[in-house]
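Everything below belongs to run_21.txt, which stores compact mmCIF, C-alpha atoms.
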# COMPACT_ATOMS: atom_id res chain seq x y z
CA MET A 14 -132.13 63.72 -39.65
CA ALA A 15 -129.22 61.29 -40.03
CA LYS A 16 -129.86 57.62 -39.41
CA VAL A 17 -128.38 56.12 -36.24
CA ILE A 18 -126.25 53.23 -37.49
CA ILE A 19 -124.53 52.26 -34.20
CA LYS A 20 -126.36 52.45 -30.89
CA THR A 21 -125.30 51.13 -27.51
CA LYS A 22 -127.64 50.79 -24.51
CA ASP A 23 -126.10 50.37 -21.05
CA LEU A 24 -123.33 48.42 -22.76
CA SER A 25 -120.93 46.93 -20.22
CA LYS A 26 -118.02 44.52 -20.17
CA TYR A 27 -116.62 43.42 -16.83
CA TYR A 28 -113.71 41.16 -15.96
CA GLY A 29 -112.57 39.47 -12.79
CA SER A 30 -114.19 36.92 -10.51
CA LYS A 31 -116.36 39.63 -8.98
CA ASN A 32 -116.66 41.83 -12.10
CA GLU A 33 -114.38 44.33 -10.38
CA ILE A 34 -112.62 45.34 -13.60
CA LYS A 35 -114.98 47.53 -15.63
CA ALA A 36 -113.59 47.74 -19.15
CA ILE A 37 -116.85 49.26 -20.46
CA ASP A 38 -119.34 50.59 -17.93
CA ASN A 39 -122.98 51.38 -18.83
CA LEU A 40 -122.04 53.08 -22.08
CA ASP A 41 -124.70 54.83 -24.16
CA LEU A 42 -123.58 56.03 -27.57
CA GLU A 43 -125.05 56.82 -30.98
CA VAL A 44 -123.06 57.00 -34.23
CA PHE A 45 -124.72 58.33 -37.36
CA GLU A 46 -124.62 56.88 -40.84
CA GLY A 47 -121.96 58.44 -43.05
CA GLU A 48 -120.03 60.20 -40.29
CA THR A 49 -116.46 59.70 -39.22
CA PHE A 50 -116.60 59.16 -35.49
CA GLY A 51 -113.50 59.23 -33.31
CA LEU A 52 -113.17 57.55 -29.94
CA LEU A 53 -110.34 59.05 -27.95
CA GLY A 54 -108.98 57.81 -24.67
CA PRO A 55 -105.86 56.95 -22.69
CA ASN A 56 -104.34 53.50 -23.00
CA GLY A 57 -106.57 51.05 -21.14
CA ALA A 58 -109.62 53.31 -21.26
CA GLY A 59 -111.81 50.72 -23.01
CA LYS A 60 -111.51 51.73 -26.68
CA THR A 61 -110.46 48.35 -28.01
CA THR A 62 -112.96 46.53 -25.80
CA LEU A 63 -115.77 48.62 -27.27
CA VAL A 64 -114.63 47.86 -30.83
CA ARG A 65 -114.47 44.15 -30.04
CA LEU A 66 -117.99 44.28 -28.61
CA LEU A 67 -119.40 46.09 -31.65
CA ASN A 68 -117.76 43.57 -33.97
CA CYS A 69 -119.13 40.60 -32.00
CA ILE A 70 -115.69 39.30 -31.04
CA ILE A 71 -116.61 39.29 -27.34
CA ARG A 72 -120.00 39.32 -25.63
CA PRO A 73 -121.20 42.02 -23.23
CA SER A 74 -121.59 41.42 -19.52
CA LYS A 75 -124.83 43.40 -19.65
CA GLY A 76 -126.62 45.82 -21.92
CA THR A 77 -126.48 45.55 -25.69
CA ALA A 78 -125.75 47.37 -28.93
CA PHE A 79 -127.18 47.56 -32.43
CA VAL A 80 -125.18 47.89 -35.64
CA ASN A 81 -127.40 48.96 -38.55
CA GLY A 82 -130.36 47.49 -36.69
CA HIS A 83 -128.68 44.16 -35.90
CA GLU A 84 -128.20 43.26 -32.24
CA ILE A 85 -124.68 42.21 -31.30
CA VAL A 86 -125.83 39.32 -29.09
CA LYS A 87 -128.16 37.73 -31.66
CA ASP A 88 -127.05 38.85 -35.13
CA ASP A 89 -123.28 38.47 -35.12
CA ILE A 90 -123.08 36.92 -38.61
CA GLU A 91 -125.12 39.74 -40.16
CA ILE A 92 -123.01 42.36 -38.42
CA LYS A 93 -119.75 40.84 -39.64
CA LYS A 94 -121.04 41.00 -43.22
CA ILE A 95 -121.40 44.78 -43.09
CA THR A 96 -118.41 45.75 -40.95
CA GLY A 97 -114.69 45.84 -41.64
CA LEU A 98 -112.18 45.84 -38.82
CA LEU A 99 -108.55 46.85 -38.56
CA ALA A 100 -107.76 45.54 -35.09
CA GLU A 101 -105.07 46.99 -32.85
CA SER A 102 -103.29 43.60 -32.65
CA PRO A 103 -104.52 41.70 -35.69
CA GLY A 104 -103.57 38.20 -36.74
CA LEU A 105 -101.65 37.71 -39.95
CA TYR A 106 -100.82 34.45 -41.72
CA GLU A 107 -97.21 35.21 -42.50
CA LYS A 108 -96.61 32.08 -44.60
CA LEU A 109 -99.02 33.47 -47.20
CA SER A 110 -98.22 36.08 -49.79
CA ALA A 111 -100.12 39.37 -49.79
CA ASP A 112 -102.18 38.16 -52.75
CA GLU A 113 -102.94 34.81 -51.10
CA PHE A 114 -103.90 36.46 -47.80
CA LEU A 115 -106.34 38.85 -49.48
CA ASN A 116 -107.83 35.98 -51.50
CA PHE A 117 -108.24 34.04 -48.27
CA MET A 118 -109.96 36.95 -46.51
CA GLY A 119 -112.23 37.56 -49.50
CA ALA A 120 -113.26 33.90 -49.50
CA LEU A 121 -114.13 34.11 -45.79
CA TYR A 122 -116.55 36.93 -46.63
CA ASP A 123 -117.96 35.06 -49.66
CA VAL A 124 -116.88 37.74 -52.11
CA PRO A 125 -117.63 36.41 -55.64
CA SER A 126 -114.44 35.25 -57.35
CA ASP A 127 -114.78 37.56 -60.36
CA THR A 128 -115.32 40.57 -58.07
CA LEU A 129 -112.62 39.50 -55.64
CA GLN A 130 -109.70 39.56 -58.05
CA ASN A 131 -110.54 43.03 -59.34
CA ARG A 132 -110.89 44.27 -55.78
CA ILE A 133 -107.55 42.77 -54.76
CA ASP A 134 -105.86 44.36 -57.78
CA ASN A 135 -107.30 47.77 -56.88
CA LEU A 136 -106.36 47.54 -53.20
CA ILE A 137 -102.82 46.38 -53.94
CA LYS A 138 -102.43 49.31 -56.31
CA ILE A 139 -103.85 51.81 -53.79
CA PHE A 140 -101.39 50.64 -51.15
CA GLY A 141 -98.42 50.49 -53.49
CA LEU A 142 -97.82 46.77 -53.03
CA GLN A 143 -97.68 45.71 -56.70
CA SER A 144 -94.04 44.65 -56.60
CA ARG A 145 -94.50 42.66 -53.36
CA ARG A 146 -97.90 41.03 -53.89
CA ASP A 147 -96.39 37.54 -54.39
CA TYR A 148 -93.88 37.78 -51.54
CA LEU A 149 -94.51 36.07 -48.19
CA LEU A 150 -95.85 38.40 -45.51
CA GLU A 151 -93.16 37.25 -43.07
CA GLY A 152 -90.68 39.36 -45.03
CA PHE A 153 -92.78 42.53 -44.92
CA SER A 154 -92.01 45.47 -42.66
CA ARG A 155 -94.51 46.38 -39.95
CA GLY A 156 -95.78 49.25 -42.07
CA MET A 157 -96.28 47.04 -45.12
CA LYS A 158 -98.12 44.47 -43.02
CA GLN A 159 -100.40 47.25 -41.77
CA LYS A 160 -101.24 48.16 -45.35
CA VAL A 161 -102.19 44.55 -46.13
CA LEU A 162 -104.35 44.39 -43.00
CA ILE A 163 -106.20 47.58 -43.96
CA ALA A 164 -106.77 46.13 -47.43
CA ALA A 165 -108.15 42.97 -45.80
CA ALA A 166 -110.57 45.06 -43.72
CA LEU A 167 -111.94 46.57 -46.94
CA ILE A 168 -111.97 43.41 -49.07
CA HIS A 169 -115.75 42.81 -48.77
CA ASP A 170 -116.63 46.49 -49.28
CA PRO A 171 -118.20 47.01 -45.83
CA SER A 172 -120.52 49.92 -45.14
CA ILE A 173 -119.06 50.44 -41.64
CA VAL A 174 -115.31 50.37 -41.08
CA PHE A 175 -113.62 50.24 -37.68
CA PHE A 176 -110.01 51.42 -37.40
CA ASP A 177 -108.25 50.70 -34.11
CA GLU A 178 -105.03 52.77 -34.15
CA PRO A 179 -104.94 52.88 -37.99
CA THR A 180 -101.55 54.58 -38.37
CA SER A 181 -99.75 52.35 -35.90
CA ALA A 182 -96.29 51.32 -37.19
CA LEU A 183 -96.58 53.46 -40.31
CA ASP A 184 -94.00 55.97 -41.46
CA PRO A 185 -95.21 59.54 -42.10
CA ARG A 186 -95.76 58.99 -45.84
CA ALA A 187 -97.79 55.80 -45.29
CA ALA A 188 -99.72 57.41 -42.43
CA LEU A 189 -100.69 60.28 -44.71
CA MET A 190 -101.88 57.80 -47.33
CA VAL A 191 -104.05 56.01 -44.75
CA LYS A 192 -105.55 59.29 -43.56
CA ASP A 193 -106.36 60.23 -47.16
CA LEU A 194 -107.94 56.81 -47.68
CA ILE A 195 -110.14 57.26 -44.61
CA LYS A 196 -111.24 60.66 -45.90
CA ASP A 197 -112.11 59.16 -49.29
CA LEU A 198 -114.06 56.32 -47.69
CA ALA A 199 -116.16 58.85 -45.80
CA GLU A 200 -116.51 61.64 -48.36
CA LYS A 201 -116.52 59.79 -51.69
CA ALA A 202 -117.74 56.30 -50.79
CA GLY A 203 -120.19 57.33 -48.07
CA ARG A 204 -118.88 54.85 -45.53
CA THR A 205 -119.37 55.18 -41.79
CA ILE A 206 -115.96 55.29 -40.13
CA PHE A 207 -115.29 54.51 -36.46
CA ILE A 208 -111.74 55.36 -35.40
CA CYS A 209 -110.18 54.51 -32.04
CA SER A 210 -106.95 56.19 -31.08
CA HIS A 211 -105.00 57.90 -28.35
CA ILE A 212 -103.28 60.06 -30.96
CA LEU A 213 -105.07 63.39 -30.80
CA PRO A 214 -104.10 64.91 -34.21
CA ILE A 215 -105.59 61.94 -36.10
CA ILE A 216 -108.92 62.27 -34.32
CA GLU A 217 -108.90 66.06 -34.63
CA GLU A 218 -108.13 66.00 -38.36
CA LEU A 219 -110.44 63.21 -39.50
CA CYS A 220 -113.50 63.08 -37.28
CA ASP A 221 -116.88 64.81 -37.50
CA ARG A 222 -117.64 64.03 -33.86
CA ILE A 223 -115.47 62.88 -31.00
CA GLY A 224 -116.16 60.78 -27.94
CA ILE A 225 -113.75 60.66 -25.02
CA ILE A 226 -113.72 57.51 -22.94
CA HIS A 227 -112.05 57.11 -19.57
CA GLN A 228 -112.14 54.09 -17.26
CA GLY A 229 -114.87 52.53 -19.38
CA LYS A 230 -117.19 55.52 -19.28
CA LEU A 231 -118.01 58.04 -22.00
CA ILE A 232 -117.13 61.37 -20.41
CA ALA A 233 -117.47 63.72 -23.40
CA LEU A 234 -119.23 63.65 -26.76
CA GLY A 235 -119.64 66.19 -29.55
CA THR A 236 -117.86 68.08 -32.27
CA LEU A 237 -114.41 69.47 -31.55
CA GLU A 238 -115.92 72.92 -31.07
CA GLU A 239 -118.54 71.58 -28.64
CA ILE A 240 -115.93 69.76 -26.55
CA LEU A 241 -113.69 72.83 -26.41
CA SER A 242 -116.66 75.02 -25.46
CA SER A 243 -117.85 72.66 -22.71
CA THR A 244 -114.37 72.41 -21.17
CA GLY A 245 -113.35 76.03 -21.70
CA LYS A 246 -110.10 74.92 -23.32
CA ASN A 247 -108.35 76.12 -26.47
CA SER A 248 -107.18 72.77 -27.85
CA LEU A 249 -108.25 69.15 -27.88
CA GLU A 250 -105.07 68.25 -25.99
CA GLU A 251 -105.96 70.62 -23.15
CA ALA A 252 -109.56 69.40 -23.09
CA PHE A 253 -108.47 65.76 -23.09
CA ILE A 254 -106.05 66.26 -20.21
CA SER A 255 -108.58 68.21 -18.15
CA LEU A 256 -111.24 65.53 -18.66
CA THR A 257 -109.05 62.50 -18.05
CA GLY A 258 -107.00 63.93 -15.21
CA GLY A 259 -103.58 64.81 -16.56
CA ILE A 260 -100.41 64.71 -14.49
CA GLU A 261 -99.46 68.12 -13.18
CA GLU A 262 -96.00 69.55 -13.80
CA ARG A 263 -95.00 69.30 -10.17
CA GLU A 264 -95.69 65.55 -10.24
CA LEU A 265 -93.51 65.14 -13.32
CA LEU A 266 -90.63 66.91 -11.60
CA ALA A 267 -91.04 65.21 -8.23
CA TRP A 268 -88.58 62.42 -9.06
CA ARG A 269 -85.87 65.00 -9.80
CA GLU A 270 -86.44 66.77 -6.51
CA HIS A 271 -86.41 63.46 -4.65
CA ARG A 272 -83.20 62.36 -6.37
CA GLY A 273 -81.59 65.76 -5.66
CA ALA A 274 -82.41 65.44 -1.98
CA GLN A 275 -80.81 61.98 -1.85
CA ILE A 276 -77.62 63.21 -3.56
CA GLY A 277 -77.39 66.18 -1.26

This entry written out as structure tokens:
Amino acid sequence: MAKVIIKTKDLSKYYGSKNEIKAIDNLDLEVFEGETFGLLGPNGAGKTTLVRLLNCIIRPSKGTAFVNGHEIVKDDIEIKKITGLLAESPGLYEKLSADEFLNFMGALYDVPSDTLQNRIDNLIKIFGLQSRRDYLLEGFSRGMKQKVLIAAALIHDPSIVFFDEPTSALDPRAALMVKDLIKDLAEKAGRTIFICSHILPIIEELCDRIGIIHQGKLIALGTLEEILSSTGKNSLEEAFISLTGGIEERELLAWREHRGAQIG
């Protein structure tokens, strides 16, 4: 039986003076070692909040979670040593070159200097940044910055990698490269991958199991086939819309009817 590497227990994060905003609400979830797990949900569903909780960036309002046996409330330093994170809105020191930024990130994770330079060379080659490695990041395109940020998330060779909207701002060729990289991390390097996205094809193509989150609650969990079977739908898109409450066609057309009545 596969080892549970991420486990949440009644995990909750509330905001507001009276905790009226429930970003994550009593969430119970298990992710297994070596799998690629996809968390799917509408914008504002709680995906990024969950990733921030599991990476010890914010603290829970109640409940807890364990990452490879380490509790997020007590063992934040140990968790950060074994996880890599590509955040949805990451910070980037744009007055550094790509090489300097990766050296800086490697130093933060205490990567030995002899190992670090080889790793930087390999990552820069993988992402096709050889000709720009000594250029300041402020001159990079959004897609090129995304590549550097993904490299930074992998600089300390983490066993668990979190990707929050990993193909954001990438052109189709770069997005394909990132998807292939994620596959290699899972299949060849044995890494546990946790992907958050609202882009269905990415989750459908890459993930072994899928969780669907809505208004802070986990409303579906399983393989693609299990989710389709439980909802009676033929595609992940149809299942997602039925579970999260999609807008019906008549609602989409209502503005046209209303405008037509005003003109008439």

List every protein, DNA or RNA residue that has an atom no more than 7 Å from (-115.9, 46.4, -43.4) in the file's coordinate frame, counting all atoms listed in the file, and report them as an mmCIF file with C-alpha atoms, in the coordinates of the input.
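Saved file out.cif follows:
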data_model
loop_
_atom_site.group_PDB
_atom_site.id
_atom_site.type_symbol
_atom_site.label_atom_id
_atom_site.label_comp_id
_atom_site.auth_asym_id
_atom_site.auth_seq_id
_atom_site.Cartn_x
_atom_site.Cartn_y
_atom_site.Cartn_z
ATOM 1 C CA ILE A 95 -121.400 44.780 -43.090
ATOM 2 C CA THR A 96 -118.410 45.750 -40.950
ATOM 3 C CA GLY A 97 -114.690 45.840 -41.640
ATOM 4 C CA LEU A 98 -112.180 45.840 -38.820
ATOM 5 C CA ALA A 166 -110.570 45.060 -43.720
ATOM 6 C CA LEU A 167 -111.940 46.570 -46.940
ATOM 7 C CA HIS A 169 -115.750 42.810 -48.770
ATOM 8 C CA ASP A 170 -116.630 46.490 -49.280
ATOM 9 C CA PRO A 171 -118.200 47.010 -45.830
ATOM 10 C CA SER A 172 -120.520 49.920 -45.140
ATOM 11 C CA ILE A 173 -119.060 50.440 -41.640
ATOM 12 C CA VAL A 174 -115.310 50.370 -41.080
#

Test item: residues at most 10 Å from Glu250 of chain A, all atoms listed in the file, excluding those fewer than 5 positions along its chain, as a short mmCIF file (atom, residue, chain, number, x, y, z; two decimals) with C-alpha atoms, in the coordinates of the input:
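selection-v5.cif written:
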data_model
loop_
_atom_site.label_atom_id
_atom_site.label_comp_id
_atom_site.auth_asym_id
_atom_site.auth_seq_id
_atom_site.Cartn_x
_atom_site.Cartn_y
_atom_site.Cartn_z
CA ILE A 212 -103.28 60.06 -30.96
CA LEU A 213 -105.07 63.39 -30.80
CA PRO A 214 -104.10 64.91 -34.21
CA GLU A 217 -108.90 66.06 -34.63
CA LEU A 241 -113.69 72.83 -26.41
CA SER A 255 -108.58 68.21 -18.15
CA LEU A 256 -111.24 65.53 -18.66
#

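Computed from the coordinates, the atom CA of Leu121 of chain A to atom CA of Ile90 of chain A distance equals 11.8 Å.
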
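Here atom CA of Ile206 of chain A stands at a distance of 29.4 Å from atom CA of Ser144 of chain A.
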
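Distances from A:Leu198, A:Ile19, A:Ala111, A:Ile240 to Arg222 of chain A were compared using only C-alpha atoms, and the smallest one belongs to A:Ile240.
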
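Counting only C-alpha atoms, the residue from A:Gln143, A:Asn116, A:Thr77, A:Asn56 that sits nearest to Leu129 of chain A is A:Asn116.
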
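Minimum distance to Ala164 of chain A across A:Ile18, A:Leu115, A:Met190, A:Leu237 (counting all atoms listed in the file) occurs at A:Leu115.
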
Counting only C-alpha atoms, the residue among A:Leu249, A:Leu231, A:Met118, A:Ala202 that lies closest to Glu48 of chain A is A:Ala202

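Comparing the minimum interatomic distances between Lys26 of chain A and each of A:Thr244, A:Ser181, A:Gln228, A:Thr205, counting all atoms listed in the file, we find that A:Gln228 sits nearest.
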
Just the residues within 8 Å of Glu107 of chain A, please, counting all atoms listed in the file, with nothing from its chain fewer than 6 positions along; format it as a ChimeraX atom specification.
-> /A:149-151
